[in-house]
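Q: Structure file structure.cif (mmCIF, C-alpha atoms and all ligand atoms) is given on the next line.
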data_target
loop_
_atom_site.label_atom_id
_atom_site.label_comp_id
_atom_site.auth_asym_id
_atom_site.auth_seq_id
_atom_site.Cartn_x
_atom_site.Cartn_y
_atom_site.Cartn_z
CA MET R 1 40.70 -75.03 -36.32
CA ARG R 2 38.65 -72.68 -38.49
CA LEU R 3 35.78 -71.03 -36.71
CA LEU R 4 32.84 -69.15 -38.17
CA ILE R 5 31.54 -66.45 -35.85
CA LEU R 6 28.21 -65.00 -36.90
CA GLY R 7 27.70 -61.56 -35.35
CA CYS R 8 30.32 -59.05 -34.35
CA GLY R 9 28.80 -57.29 -31.36
CA LEU R 10 30.33 -57.62 -27.88
CA ALA R 11 29.80 -61.40 -27.90
CA GLY R 12 31.20 -62.07 -31.39
CA SER R 13 34.14 -59.70 -30.89
CA ALA R 14 35.16 -61.37 -27.63
CA MET R 15 34.81 -64.76 -29.32
CA ALA R 16 36.96 -63.61 -32.26
CA TRP R 17 39.79 -62.42 -30.00
CA ALA R 18 39.66 -65.54 -27.84
CA ALA R 19 39.89 -67.78 -30.93
CA HIS R 20 42.61 -65.63 -32.51
CA ARG R 21 44.75 -65.84 -29.35
CA ARG R 22 44.54 -69.62 -29.54
CA GLY R 23 45.95 -69.46 -33.05
CA TRP R 24 42.69 -70.47 -34.77
CA SER R 25 41.69 -68.95 -38.06
CA ILE R 26 38.29 -67.28 -38.06
CA ALA R 27 35.61 -66.01 -40.41
CA LEU R 28 33.88 -63.20 -38.51
CA ILE R 29 30.69 -62.03 -40.15
CA ASP R 30 28.39 -59.11 -39.47
CA ARG R 31 26.11 -56.94 -41.54
CA VAL R 32 27.49 -53.94 -39.55
CA ASP R 33 24.31 -52.58 -38.10
CA LEU R 34 25.27 -49.46 -36.18
CA GLU R 35 22.00 -49.61 -34.27
CA SER R 36 22.65 -53.05 -32.75
CA SER R 37 22.60 -53.46 -28.99
CA SER R 38 26.40 -53.40 -28.74
CA HIS R 39 26.70 -50.21 -30.78
CA VAL R 40 24.07 -48.45 -28.72
CA ALA R 41 25.40 -49.66 -25.32
CA ALA R 42 27.08 -47.19 -22.99
CA GLY R 43 29.65 -49.85 -22.08
CA LEU R 44 29.27 -49.37 -18.32
CA VAL R 45 30.64 -51.93 -15.91
CA THR R 46 29.59 -51.63 -12.27
CA PRO R 47 30.24 -53.93 -9.31
CA ILE R 48 27.04 -53.24 -7.34
CA THR R 49 23.53 -53.29 -8.74
CA GLY R 50 19.96 -52.58 -7.70
CA THR R 51 18.47 -50.94 -4.64
CA ARG R 52 19.54 -53.95 -2.55
CA SER R 53 23.16 -53.05 -3.32
CA ALA R 54 23.90 -56.62 -4.34
CA ALA R 55 27.21 -57.54 -5.93
CA THR R 56 27.06 -58.15 -9.64
CA TRP R 57 26.89 -61.91 -10.24
CA ARG R 58 30.38 -63.51 -10.25
CA TRP R 59 31.85 -60.04 -10.35
CA ASP R 60 35.45 -60.85 -9.45
CA SER R 61 36.05 -63.40 -12.18
CA PHE R 62 34.11 -61.53 -14.88
CA TYR R 63 35.84 -58.25 -14.08
CA ALA R 64 39.35 -59.73 -13.97
CA ALA R 65 38.79 -61.30 -17.40
CA ALA R 66 37.26 -58.10 -18.83
CA CYS R 67 40.17 -55.95 -17.65
CA HIS R 68 42.68 -58.38 -19.07
CA HIS R 69 40.84 -58.69 -22.38
CA TYR R 70 40.15 -55.02 -23.13
CA THR R 71 43.63 -53.82 -22.16
CA ARG R 72 45.14 -56.52 -24.34
CA VAL R 73 42.97 -55.53 -27.33
CA GLU R 74 43.96 -51.90 -26.72
CA ARG R 75 47.59 -52.95 -26.98
CA ASP R 76 47.02 -55.09 -30.08
CA THR R 77 45.13 -52.32 -31.89
CA HIS R 78 47.12 -49.34 -30.54
CA SER R 79 44.00 -47.68 -29.24
CA SER R 80 42.31 -46.58 -26.07
CA PHE R 81 38.71 -47.49 -25.25
CA TRP R 82 38.75 -49.11 -21.77
CA HIS R 83 38.55 -46.64 -18.92
CA PRO R 84 38.47 -47.90 -15.34
CA GLN R 85 37.18 -45.19 -13.00
CA PRO R 86 35.07 -45.21 -9.80
CA ALA R 87 31.38 -44.55 -10.44
CA LEU R 88 28.94 -42.69 -8.21
CA ARG R 89 25.64 -44.20 -7.03
CA LEU R 90 22.97 -42.03 -5.41
CA PHE R 91 20.79 -43.57 -2.69
CA HIS R 92 17.02 -43.19 -2.78
CA SER R 93 16.29 -43.96 0.86
CA GLU R 94 17.97 -44.23 4.25
CA GLU R 95 17.28 -47.94 4.10
CA GLU R 96 19.26 -48.25 0.87
CA ARG R 97 22.15 -46.31 2.38
CA SER R 98 22.23 -48.46 5.54
CA ARG R 99 22.03 -51.63 3.52
CA ALA R 100 24.99 -50.61 1.36
CA GLN R 101 26.94 -49.59 4.46
CA GLU R 102 26.15 -52.85 6.20
CA ARG R 103 26.88 -54.99 3.14
CA TRP R 104 30.05 -53.37 1.87
CA GLN R 105 31.81 -51.69 4.73
CA ARG R 106 32.05 -54.42 7.32
CA THR R 107 33.74 -57.11 5.22
CA ASP R 108 37.30 -58.03 5.98
CA PRO R 109 39.60 -56.75 3.21
CA ALA R 110 41.81 -59.81 3.70
CA ASP R 111 38.99 -62.03 2.36
CA HIS R 112 38.87 -60.17 -0.91
CA SER R 113 40.50 -60.41 -4.30
CA PRO R 114 41.99 -57.21 -5.76
CA TRP R 115 38.80 -56.87 -7.84
CA SER R 116 36.30 -57.15 -5.00
CA PRO R 117 33.78 -54.32 -4.87
CA LYS R 118 34.45 -51.50 -2.44
CA ILE R 119 32.40 -48.45 -1.64
CA ARG R 120 33.09 -45.09 -0.06
CA LEU R 121 30.02 -43.40 1.33
CA CYS R 122 29.45 -39.72 0.69
CA HIS R 123 27.01 -37.21 2.12
CA SER R 124 24.55 -35.05 0.23
CA GLU R 125 26.67 -31.91 0.85
CA GLU R 126 29.45 -33.46 -1.24
CA LEU R 127 27.11 -33.96 -4.20
CA ALA R 128 26.49 -30.40 -5.34
CA GLY R 129 23.81 -30.02 -8.00
CA LEU R 130 22.51 -33.58 -7.61
CA HIS R 131 19.29 -34.55 -5.87
CA ALA R 132 20.75 -36.82 -3.21
CA PRO R 133 19.08 -36.28 0.18
CA HIS R 134 20.32 -39.71 1.30
CA GLY R 135 23.83 -39.23 -0.08
CA GLY R 136 25.54 -41.77 -2.23
CA CYS R 137 28.64 -43.90 -2.59
CA TRP R 138 31.61 -44.23 -4.85
CA MET R 139 31.85 -47.78 -6.20
CA GLU R 140 35.05 -49.34 -7.39
CA PRO R 141 36.38 -50.96 -9.40
CA ALA R 142 34.11 -49.72 -12.18
CA ALA R 143 34.84 -48.98 -15.81
CA ARG R 144 33.53 -47.80 -19.12
CA LEU R 145 34.19 -49.32 -22.53
CA HIS R 146 33.81 -47.05 -25.55
CA THR R 147 31.96 -49.78 -27.36
CA GLY R 148 31.83 -48.07 -30.78
CA SER R 149 35.58 -47.68 -30.85
CA TYR R 150 36.27 -51.22 -29.54
CA LEU R 151 33.96 -52.76 -32.15
CA ALA R 152 35.39 -50.65 -35.00
CA LYS R 153 38.97 -51.55 -34.05
CA THR R 154 38.04 -55.22 -33.80
CA ARG R 155 36.47 -55.20 -37.26
CA ALA R 156 39.45 -53.34 -38.74
CA TYR R 157 41.95 -55.74 -37.15
CA PHE R 158 40.28 -58.85 -38.54
CA GLN R 159 39.52 -57.16 -41.87
CA SER R 160 43.26 -56.52 -42.28
CA ARG R 161 43.77 -60.29 -41.87
CA ASP R 162 40.97 -61.11 -44.38
CA GLU R 163 39.01 -62.69 -41.54
CA PHE R 164 36.14 -60.21 -41.34
CA PHE R 165 33.30 -60.17 -43.87
CA VAL R 166 30.41 -57.76 -44.19
CA ALA R 167 27.37 -59.88 -45.04
CA ASP R 168 23.77 -60.33 -44.06
CA ILE R 169 23.43 -64.07 -43.64
CA ASP R 170 20.27 -66.06 -44.22
CA ILE R 171 21.27 -69.03 -42.08
CA ASP R 172 18.79 -71.54 -43.49
CA SER R 173 19.81 -71.00 -47.11
CA GLN R 174 23.49 -70.07 -46.74
CA LEU R 175 24.79 -72.32 -43.99
CA ALA R 176 24.82 -75.91 -45.20
CA VAL R 177 24.71 -78.76 -42.71
CA PRO R 178 26.75 -81.77 -43.97
CA THR R 179 25.44 -85.32 -43.84
CA ASN R 180 27.49 -86.03 -40.75
CA PRO R 181 27.62 -82.61 -39.05
CA SER R 182 29.71 -83.80 -36.12
CA THR R 183 32.69 -84.78 -38.23
CA GLU R 184 32.40 -82.99 -41.57
CA PRO R 185 33.04 -79.27 -42.04
CA LEU R 186 30.17 -76.82 -42.25
CA GLN R 187 29.93 -74.69 -45.34
CA LEU R 188 28.86 -71.05 -45.54
CA ARG R 189 27.91 -69.78 -48.97
CA LEU R 190 28.96 -66.17 -49.46
CA PRO R 191 28.57 -64.27 -52.77
CA SER R 192 32.39 -64.21 -52.97
CA GLY R 193 32.54 -68.02 -52.67
CA PRO R 194 32.01 -70.76 -50.08
CA ILE R 195 33.87 -70.93 -46.77
CA SER R 196 34.43 -74.25 -45.01
CA VAL R 197 34.67 -74.16 -41.24
CA ASP R 198 35.12 -76.69 -38.47
CA ALA R 199 32.61 -75.06 -36.16
CA VAL R 200 30.21 -72.14 -35.97
CA VAL R 201 29.41 -69.89 -32.99
CA PHE R 202 26.22 -67.87 -33.26
CA CYS R 203 26.64 -64.49 -31.57
CA GLN R 204 23.56 -62.81 -32.98
CA GLY R 205 22.14 -61.10 -29.94
CA PHE R 206 18.37 -60.61 -30.04
CA GLU R 207 18.22 -61.80 -33.67
CA ALA R 208 18.90 -65.35 -32.54
CA LYS R 209 15.11 -65.45 -32.11
CA CYS R 210 14.98 -66.14 -35.87
CA ASN R 211 17.75 -68.74 -35.88
CA SER R 212 16.10 -72.10 -36.54
CA TRP R 213 19.17 -73.95 -35.19
CA PHE R 214 18.70 -72.43 -31.75
CA SER R 215 14.99 -71.65 -31.83
CA ALA R 216 14.66 -72.99 -28.26
CA LEU R 217 17.05 -70.34 -26.87
CA PRO R 218 15.16 -68.91 -23.86
CA LEU R 219 15.62 -65.21 -24.64
CA HIS R 220 13.58 -62.63 -22.76
CA PRO R 221 14.66 -59.46 -24.55
CA ALA R 222 14.13 -55.86 -23.52
CA ARG R 223 14.36 -52.69 -25.56
CA GLY R 224 16.56 -49.90 -24.18
CA ASP R 225 16.51 -46.22 -25.20
CA ILE R 226 19.47 -43.93 -24.71
CA LEU R 227 19.74 -40.16 -25.28
CA THR R 228 22.65 -37.91 -26.07
CA LEU R 229 21.87 -34.55 -24.49
CA ALA R 230 23.65 -31.34 -25.51
CA ALA R 231 24.10 -30.36 -21.89
CA GLU R 232 26.81 -27.83 -22.64
CA ASN R 233 24.79 -26.01 -25.24
CA LYS R 234 26.71 -22.72 -25.23
CA GLU R 235 23.92 -20.65 -26.78
CA ALA R 236 21.47 -21.75 -24.17
CA VAL R 237 23.89 -21.03 -21.36
CA SER R 238 25.21 -17.64 -22.45
CA GLY R 239 22.41 -16.23 -24.63
CA ALA R 240 20.50 -13.20 -23.30
CA SER R 241 17.25 -15.13 -23.27
CA SER R 242 18.88 -18.12 -21.67
CA PRO R 243 16.70 -19.97 -19.18
CA PHE R 244 19.90 -21.07 -17.45
CA ARG R 245 20.89 -19.15 -14.38
CA SER R 246 24.51 -19.02 -13.45
CA GLY R 247 25.36 -22.29 -11.71
CA SER R 248 22.40 -24.10 -13.21
CA THR R 249 24.39 -26.00 -15.82
CA LEU R 250 25.57 -29.57 -15.59
CA PRO R 251 27.04 -30.33 -12.13
CA GLU R 252 30.79 -30.80 -12.16
CA LEU R 253 30.54 -34.44 -11.05
CA CYS R 254 28.50 -35.30 -14.15
CA ARG R 255 31.17 -33.84 -16.39
CA THR R 256 33.83 -36.11 -14.98
CA HIS R 257 32.20 -39.31 -13.70
CA VAL R 258 29.47 -41.80 -14.40
CA VAL R 259 26.55 -41.18 -12.03
CA HIS R 260 23.87 -43.81 -11.35
CA SER R 261 20.48 -42.82 -9.99
CA GLU R 262 17.07 -43.58 -11.52
CA VAL R 263 19.01 -43.21 -14.77
CA TRP R 264 22.71 -43.24 -15.39
CA MET R 265 24.49 -40.24 -16.82
CA VAL R 266 27.80 -40.57 -18.63
CA PRO R 267 30.09 -37.75 -19.82
CA ALA R 268 30.30 -38.26 -23.59
CA ASP R 269 32.47 -35.39 -24.77
CA ARG R 270 32.88 -31.73 -23.88
CA GLN R 271 29.40 -30.89 -25.13
CA ASN R 272 27.26 -33.92 -24.46
CA VAL R 273 26.16 -36.42 -21.86
CA LEU R 274 24.62 -39.84 -22.43
CA VAL R 275 21.54 -40.72 -20.45
CA GLY R 276 19.93 -44.12 -20.21
CA ALA R 277 18.43 -46.50 -20.23
CA THR R 278 14.82 -47.61 -20.34
CA TYR R 279 13.77 -51.22 -19.93
CA ASP R 280 10.86 -51.97 -22.23
CA ARG R 281 9.71 -55.54 -22.79
CA HIS R 282 6.73 -54.64 -24.98
CA HIS R 283 8.39 -53.01 -27.99
CA LEU R 284 11.05 -55.33 -29.32
CA HIS R 285 12.63 -53.20 -32.03
CA GLY R 286 15.09 -50.32 -32.12
CA ARG R 287 13.10 -47.89 -34.25
CA VAL R 288 13.04 -44.31 -33.07
CA ASP R 289 9.93 -42.82 -34.62
CA GLU R 290 7.46 -40.53 -32.93
CA ASP R 291 4.43 -42.79 -33.31
CA GLY R 292 6.25 -45.71 -31.64
CA PRO R 293 7.58 -46.10 -28.09
CA ALA R 294 10.42 -43.60 -28.64
CA ARG R 295 8.51 -40.53 -27.50
CA THR R 296 7.31 -42.10 -24.23
CA ASN R 297 10.70 -43.61 -23.48
CA ARG R 298 12.39 -40.26 -24.16
CA GLU R 299 10.00 -38.50 -21.79
CA ILE R 300 10.65 -41.11 -19.10
CA LEU R 301 14.39 -40.53 -19.38
CA LEU R 302 14.07 -36.72 -19.35
CA GLU R 303 11.79 -36.77 -16.30
CA ARG R 304 14.29 -38.92 -14.42
CA VAL R 305 17.18 -36.65 -15.38
CA GLN R 306 15.14 -33.68 -14.19
CA ARG R 307 14.60 -35.34 -10.80
CA MET R 308 18.32 -36.06 -10.59
CA LEU R 309 19.33 -32.48 -11.46
CA PRO R 310 16.68 -30.22 -9.87
CA ALA R 311 18.61 -26.97 -10.49
CA VAL R 312 18.71 -27.45 -14.25
CA ASN R 313 15.97 -27.01 -16.81
CA VAL R 314 16.53 -30.25 -18.68
CA GLN R 315 13.89 -29.38 -21.29
CA GLN R 316 16.32 -26.75 -22.58
CA TRP R 317 18.96 -29.31 -23.42
CA PRO R 318 18.57 -30.35 -27.05
CA VAL R 319 18.37 -34.09 -27.62
CA ALA R 320 21.34 -34.46 -29.96
CA ARG R 321 20.63 -38.14 -30.56
CA HIS R 322 18.09 -40.74 -29.57
CA GLN R 323 19.03 -44.40 -30.06
CA ALA R 324 17.37 -47.64 -29.12
CA ALA R 325 18.12 -51.33 -29.43
CA VAL R 326 17.00 -54.64 -28.02
CA ARG R 327 19.12 -56.30 -25.30
CA PRO R 328 19.39 -60.07 -25.62
CA ALA R 329 18.38 -60.83 -22.03
CA SER R 330 17.40 -64.19 -20.53
CA TYR R 331 14.68 -65.04 -17.99
CA ASP R 332 17.06 -65.65 -15.10
CA ARG R 333 19.47 -62.89 -16.18
CA HIS R 334 22.32 -65.29 -16.72
CA PRO R 335 24.06 -65.78 -20.06
CA LEU R 336 23.19 -68.56 -22.49
CA ILE R 337 26.11 -70.47 -23.93
CA GLY R 338 26.78 -73.98 -25.18
CA ARG R 339 26.47 -76.49 -27.95
CA HIS R 340 23.68 -77.54 -30.27
CA PRO R 341 22.08 -80.84 -29.11
CA THR R 342 22.66 -82.67 -32.41
CA VAL R 343 24.95 -80.55 -34.59
CA HIS R 344 27.93 -80.82 -32.30
CA ASN R 345 30.06 -78.24 -34.05
CA ALA R 346 27.45 -75.48 -33.68
CA TYR R 347 27.60 -73.26 -30.58
CA VAL R 348 25.87 -70.23 -29.19
CA LEU R 349 27.02 -67.26 -27.07
CA ASN R 350 24.06 -65.11 -26.12
CA GLY R 351 21.85 -63.86 -23.26
CA LEU R 352 24.22 -61.09 -22.22
CA GLY R 353 21.33 -58.85 -21.15
CA SER R 354 22.58 -55.53 -19.82
CA LYS R 355 26.03 -56.86 -18.91
CA GLY R 356 27.62 -57.69 -22.23
CA THR R 357 30.70 -55.55 -21.64
CA LEU R 358 31.50 -57.28 -18.38
CA MET R 359 30.61 -60.85 -19.28
CA ALA R 360 31.52 -61.41 -22.93
CA PRO R 361 35.32 -61.81 -22.46
CA LEU R 362 35.19 -64.60 -19.84
CA LEU R 363 32.33 -66.41 -21.57
CA ALA R 364 34.23 -66.40 -24.86
CA GLU R 365 37.24 -67.97 -23.13
CA GLN R 366 35.04 -70.63 -21.54
CA LEU R 367 33.33 -71.41 -24.82
CA CYS R 368 36.68 -71.77 -26.63
CA ASP R 369 37.79 -74.23 -23.93
CA ALA R 370 34.54 -76.15 -24.28
CA LEU R 371 35.07 -76.28 -28.02
CA LEU R 372 38.68 -77.37 -27.83
CA TYR R 373 38.60 -79.81 -24.94
CA ASP R 374 34.98 -80.86 -25.17
CA ARG R 375 34.54 -79.54 -21.64
CA PRO R 376 31.03 -79.39 -20.20
CA ILE R 377 29.55 -75.93 -19.81
CA ASP R 378 28.89 -74.59 -16.32
CA SER R 379 25.26 -75.50 -15.59
CA MET R 380 24.42 -71.88 -14.65
CA LEU R 381 25.49 -70.78 -18.14
CA GLU R 382 24.37 -73.75 -20.26
CA TRP R 383 21.77 -72.39 -22.69
CA SER R 384 19.53 -75.46 -22.46
CA ARG R 385 19.20 -75.25 -18.64
CA ARG R 386 15.67 -75.13 -17.29
CA VAL R 387 14.63 -71.51 -16.91
CA LEU R 388 11.12 -70.58 -15.98
CA PRO R 389 9.52 -67.79 -18.00
C1 LIG A 1 20.26 -48.68 -24.50
C2 LIG A 1 21.19 -49.77 -24.09
C3 LIG A 1 22.21 -49.51 -23.19
C4 LIG A 1 23.07 -50.51 -22.78
N1 LIG A 1 24.07 -50.20 -21.93
C5 LIG A 1 24.94 -51.16 -21.55
C6 LIG A 1 26.02 -50.85 -20.69
O1 LIG A 1 26.18 -49.71 -20.26
N2 LIG A 1 26.86 -51.86 -20.33
C7 LIG A 1 26.70 -53.14 -20.82
O2 LIG A 1 27.51 -54.02 -20.49
N3 LIG A 1 25.68 -53.46 -21.63
C8 LIG A 1 24.81 -52.50 -22.00
N4 LIG A 1 23.78 -52.82 -22.84
C9 LIG A 1 23.59 -54.23 -23.20
C10 LIG A 1 24.56 -54.65 -24.32
O3 LIG A 1 24.28 -53.86 -25.41
C11 LIG A 1 24.37 -56.14 -24.63
O4 LIG A 1 24.67 -56.91 -23.47
C12 LIG A 1 25.33 -56.59 -25.74
O5 LIG A 1 25.49 -55.61 -26.69
C13 LIG A 1 24.87 -57.84 -26.42
O6 LIG A 1 25.85 -58.14 -27.38
P1 LIG A 1 25.67 -59.27 -28.46
O7 LIG A 1 26.94 -59.31 -29.23
O8 LIG A 1 25.19 -60.52 -27.81
O9 LIG A 1 24.45 -58.79 -29.38
P2 LIG A 1 24.36 -57.62 -30.46
O10 LIG A 1 24.97 -56.39 -30.00
O11 LIG A 1 22.92 -57.55 -30.85
O12 LIG A 1 25.22 -58.15 -31.68
C14 LIG A 1 24.75 -59.09 -32.59
C15 LIG A 1 25.40 -58.78 -33.93
O13 LIG A 1 25.08 -59.83 -34.83
C16 LIG A 1 24.75 -59.29 -36.09
N5 LIG A 1 23.89 -60.26 -36.77
C17 LIG A 1 22.87 -60.98 -36.25
N6 LIG A 1 22.34 -61.79 -37.15
C18 LIG A 1 23.06 -61.59 -38.30
C19 LIG A 1 22.97 -62.15 -39.61
N7 LIG A 1 22.04 -63.07 -39.93
N8 LIG A 1 23.85 -61.72 -40.56
C20 LIG A 1 24.78 -60.78 -40.24
N9 LIG A 1 24.91 -60.21 -39.02
C21 LIG A 1 24.05 -60.63 -38.07
C22 LIG A 1 24.03 -57.99 -35.74
O14 LIG A 1 24.06 -57.09 -36.83
C23 LIG A 1 24.85 -57.51 -34.55
O15 LIG A 1 25.95 -56.71 -34.97
C24 LIG A 1 22.91 -51.84 -23.27
C25 LIG A 1 21.90 -52.10 -24.19
C26 LIG A 1 21.05 -51.10 -24.60
C27 LIG A 1 19.98 -51.41 -25.60
#
Represent the structure contained in this file as C-alpha cells.
Ligand SMILES: Cc1cc2nc3c(=O)[nH]c(=O)nc-3n(C[C@H](O)[C@H](O)[C@H](O)COP(=O)(O)OP(=O)(O)OC[C@H]3O[C@@H](n4cnc5c(N)ncnc54)[C@H](O)[C@@H]3O)c2cc1C
A:
Amino acid sequence: MRLLILGCGLAGSAMAWAAHRRGWSIALIDRVDLESSSHVAAGLVTPITGTRSAATWRWDSFYAAACHHYTRVERDTHSSFWHPQPALRLFHSEEERSRAQERWQRTDPADHSPWSPKIRLCHSEELAGLHAPHGGCWMEPAARLHTGSYLAKTRAYFQSRDEFFVADIDIDSQLAVPTNPSTEPLQLRLPSGPISVDAVVFCQGFEAKCNSWFSALPLHPARGDILTLAAENKEAVSGASSPFRSGSTLPELCRTHVVHSEVWMVPADRQNVLVGATYDRHHLHGRVDEDGPARTNREILLERVQRMLPAVNVQQWPVARHQAAVRPASYDRHPLIGRHPTVHNAYVLNGLGSKGTLMAPLLAEQLCDALLYDRPIDSMLEWSRRVLP
C-alpha cells in the first residue's frame, strides 16, 4: 500500500505514523507553515471540560491511544515531547465546585479504567497568588505535547526515509483522478516528478474548505490567539523603577503546572508563559496585525490573565510573541473522518477542533483500519453524518 497524506499537522502526522507502523509506504506532504493550527497549539490534553465539569468525549479510549502513540514516537525519534502531569482547574462559582465534587468524587474506582478522570479538590488558601475564591481541583490524567517538537521530529523521521516532501499542492491541477478511481492508482504531480499512490488522505485542517473533493465537509472553524508573555522579565522585577513588588511575580504554581481558568496558562520555559486561547468565529485567518482582530484578542487574553493573577501587573509583562491560527472545528464538536462518496480511495481526517492532540492518534488508527479492511466508520465520526449548523 502506498498512501499519500496531504498535510502534516497533528492529523497528518498521526496518520503517517499509523500507516508506517502497518508497513505501508507513504508520501507525506506539507508546505511547512509554522503558523498552522498544529504549530500554534499549546498541545494540552485535559480530561474534564467546561463549567459543567463534563468528561471529555470518549476520554478513556482517546487518552489511552494518545499516550501509547506519543511515547512510541518519542522512542522512535529519541526525543521527549509528551509530558503527562496533573493540571489545575480554578472554579468560578460554588455551584461549579459542588458539581465537580458530585460528578467526580462519588464514582466507584472499581468501575474505572486506569485512564478515567480523577480530581482532587483544593481550597483557595492552597492557591497562593491565584484568584480562586471558590478553590479549584487537580485533574488527572492530563498531559502536554510540545507540538512544535513532535511535528519537527515527525517531518525529520520521514524525510530521512524520503517519504516527506515540502510542497504547496494545488489539488485540482496536481492530483489526477484516473478513469476508474476505485481501482487505478491516483497520481500526484510534483515538480520533482509524479508519484503514484493507492489512496490519499486529506489532513489539511481548516484549508480543507478549499478542497473541491471534500467541499461538503461541515467545518465550523474558529480562530484562536495565543500569547507568549515574558513573565520572568528580570529587568522589570529587579529594576529600581520596577512596578513589581516583592512577591508580585508569577505564582509558583504557574511556573510548574498548567492552570485553567478563564484562560489557560502554561509554563513555556524559565522566562515565559503561554496564555490562551480566544475563540473567534468571525475572523478566519491567522494574521496578527494591529488593524485586524489581533489587538482585541490580545486585550481579551491580558484582561483574563489579570483577573486570574490579581497581585501582578500583567501590563508590565512584555508580549514576547503573539500567534494565531484557525482551528478546524465541526458543528457538533466531533471529528470528521471517512471516505469520499465516489472516489473510494480518497479519505479525509479533519474536524479536530480544539482537541487535535488527544484525538488524532486514535482516529488515524481507525482510518487505517477502515482503509485496509473496508470497515465502516463509526457514525459519530463519519464526515458525511447529518450535522445541523
Ligand atoms: C491558539 C490555539 C491553541 C490550541 N491549543 C490546543 C491545545 O492546547 N490542545 C489541542 O489538542 N489542540 C489545540 N488547538 C487545536 C489544534 O491546533 C487542532 O486541533 C489541530 O492542530 C488540527 O490539526 P490538523 O492537522 O487537522 O490541521 P492543521 O494544523 O491546520 O494542519 C494542516 C496542515 O496541512 C497543510 N496543508 C493544507 N493544505 C495544503 C496544501 N494544499 N499543500 C501543502 N500543505 C497543505 C498545512 O500547511 C498544515 O500544516 C489549538 C488551536 C489554536 C488555534
Q: One decimal, in Å: what's the spacing between atom CA of Tyr157 of chain R and atom CA of Cys8 of chain R?
A: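 Computing the Euclidean distance for atom CA of Tyr157 of chain R and atom CA of Cys8 of chain R yields 12.4 Å.
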Q: Given only C-alpha atoms and all ligand atoms as the basis, pick out the residue of R:His78, R:His69, R:Arg307, R:Arg223 nearest to ligand LIG 1 (chain A).
A: R:Arg223
Q: Enclose the full set of atoms of ligand LIG 1 (chain A) listed in the file within a box whose edges lie along x, y and z, apply 8 Å of padding to each of the six sides, and report centre and edge lengths in Å to one decimal as lines of an AutoDock Vina configuration file.
A:
center_x = 23.7
center_y = -55.9
center_z = -30.4
size_x = 23.5
size_y = 30.4
size_z = 36.3
Q: When distances are computed from only C-alpha atoms, which of R:Gly7, R:Pro335, R:Gly224, R:Pro328 shows the smallest separation from Arg58 of chain R?
A: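 Comparing R:Gly7, R:Pro335, R:Gly224, R:Pro328 against Arg58 of chain R, the winner is R:Pro335.
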Q: Enumerate as a PyMOL selection string the residues within 7 Å of ligand LIG 1 (chain A), counting only C-alpha atoms and all ligand atoms.
A: chain R and resi 6-12+29-33+36-45+167-171+203-208+223-226+276-278+324-328+350-358
Q: How far is it from atom CA of Val259 of chain R to atom CA of Cys122 of chain R, in Å with one decimal?
A: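 It comes out at 13.1 Å.
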Q: Taking all atoms listed in the file into account, name the residue in R:Thr154, R:Gln159, R:Ser192, R:Thr296 that is nearest to Ala14 of chain R.
A: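 Selected residue with least distance to Ala14 of chain R: R:Thr154.
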Q: May I have the residues within 9 Å of segment 85-89 of chain R as a PyMOL selection string, using only C-alpha atoms and disregarding those fewer than 4 positions away in the same chain?
A: chain R and resi 46+135-144+253+257-261+264
Q: Smallest atom-to-atom distance to Leu90 of chain R: which of R:Thr342, R:Gln315, R:Thr51, R:Thr77, using all atoms listed in the file?
A: R:Thr51
Q: Just the number, please: distance in Å from atom CA of Arg22 of chain R to atom CA of Val197 of chain R, one decimal.
A: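 A separation of 16.0 Å between them.
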Q: Which polymer residues have any atom within 12 Å of an atom of Asp378 of chain R, counting only C-alpha atoms, with same-chain residues fewer than 4 positions away left out, as a PDB file with C-alpha atoms, in the coordinates of the input?
A:
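result03.pdb written:
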ATOM      1  CA  HIS R 334      22.320 -65.290 -16.720  1.00  0.00           C
ATOM      2  CA  PRO R 335      24.060 -65.780 -20.060  1.00  0.00           C
ATOM      3  CA  LEU R 336      23.190 -68.560 -22.490  1.00  0.00           C
ATOM      4  CA  ILE R 337      26.110 -70.470 -23.930  1.00  0.00           C
ATOM      5  CA  GLY R 338      26.780 -73.980 -25.180  1.00  0.00           C
ATOM      6  CA  LEU R 363      32.330 -66.410 -21.570  1.00  0.00           C
ATOM      7  CA  GLN R 366      35.040 -70.630 -21.540  1.00  0.00           C
ATOM      8  CA  LEU R 367      33.330 -71.410 -24.820  1.00  0.00           C
ATOM      9  CA  ASP R 369      37.790 -74.230 -23.930  1.00  0.00           C
ATOM     10  CA  ALA R 370      34.540 -76.150 -24.280  1.00  0.00           C
ATOM     11  CA  GLU R 382      24.370 -73.750 -20.260  1.00  0.00           C
ATOM     12  CA  TRP R 383      21.770 -72.390 -22.690  1.00  0.00           C
ATOM     13  CA  SER R 384      19.530 -75.460 -22.460  1.00  0.00           C
ATOM     14  CA  ARG R 385      19.200 -75.250 -18.640  1.00  0.00           C
TER      15      ARG R 385
END
Q: Please return, as a list of chain:residue names, all polymer residues that have at least one atom within 9 Å of the point (17.7, -29.0, -19.4); use all atoms listed in the file and the file's own coordinate frame.
A: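 Those residues lying close to the given coordinates are R:Leu229, R:Ala230, R:Ala231, R:Phe244, R:Thr249, R:Leu250, R:Leu302, R:Val305, R:Gln306, R:Leu309, R:Val312, R:Asn313, R:Val314, R:Gln315, R:Gln316, R:Trp317, R:Pro318.
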Q: Pick out the residues sitting within 8 Å of Met308 of chain R, and hand them over as a VMD selection string; count only C-alpha atoms, and ignore anything fewer than 3 positions along from it in its own chain.
A: chain R and resid 130 to 132 261 to 262 304 to 305
Q: Hey, which of R:Ser330, R:Gln174, R:Ser116, R:Ser212 ends up closest to Thr56 of chain R? Count only C-alpha atoms.
A: R:Ser116
Q: Which residue gives the smallest distance to Glu365 of chain R among R:Ser215, R:Ser61, R:Ser25, R:Gln105, with only C-alpha atoms counted?
A: R:Ser61
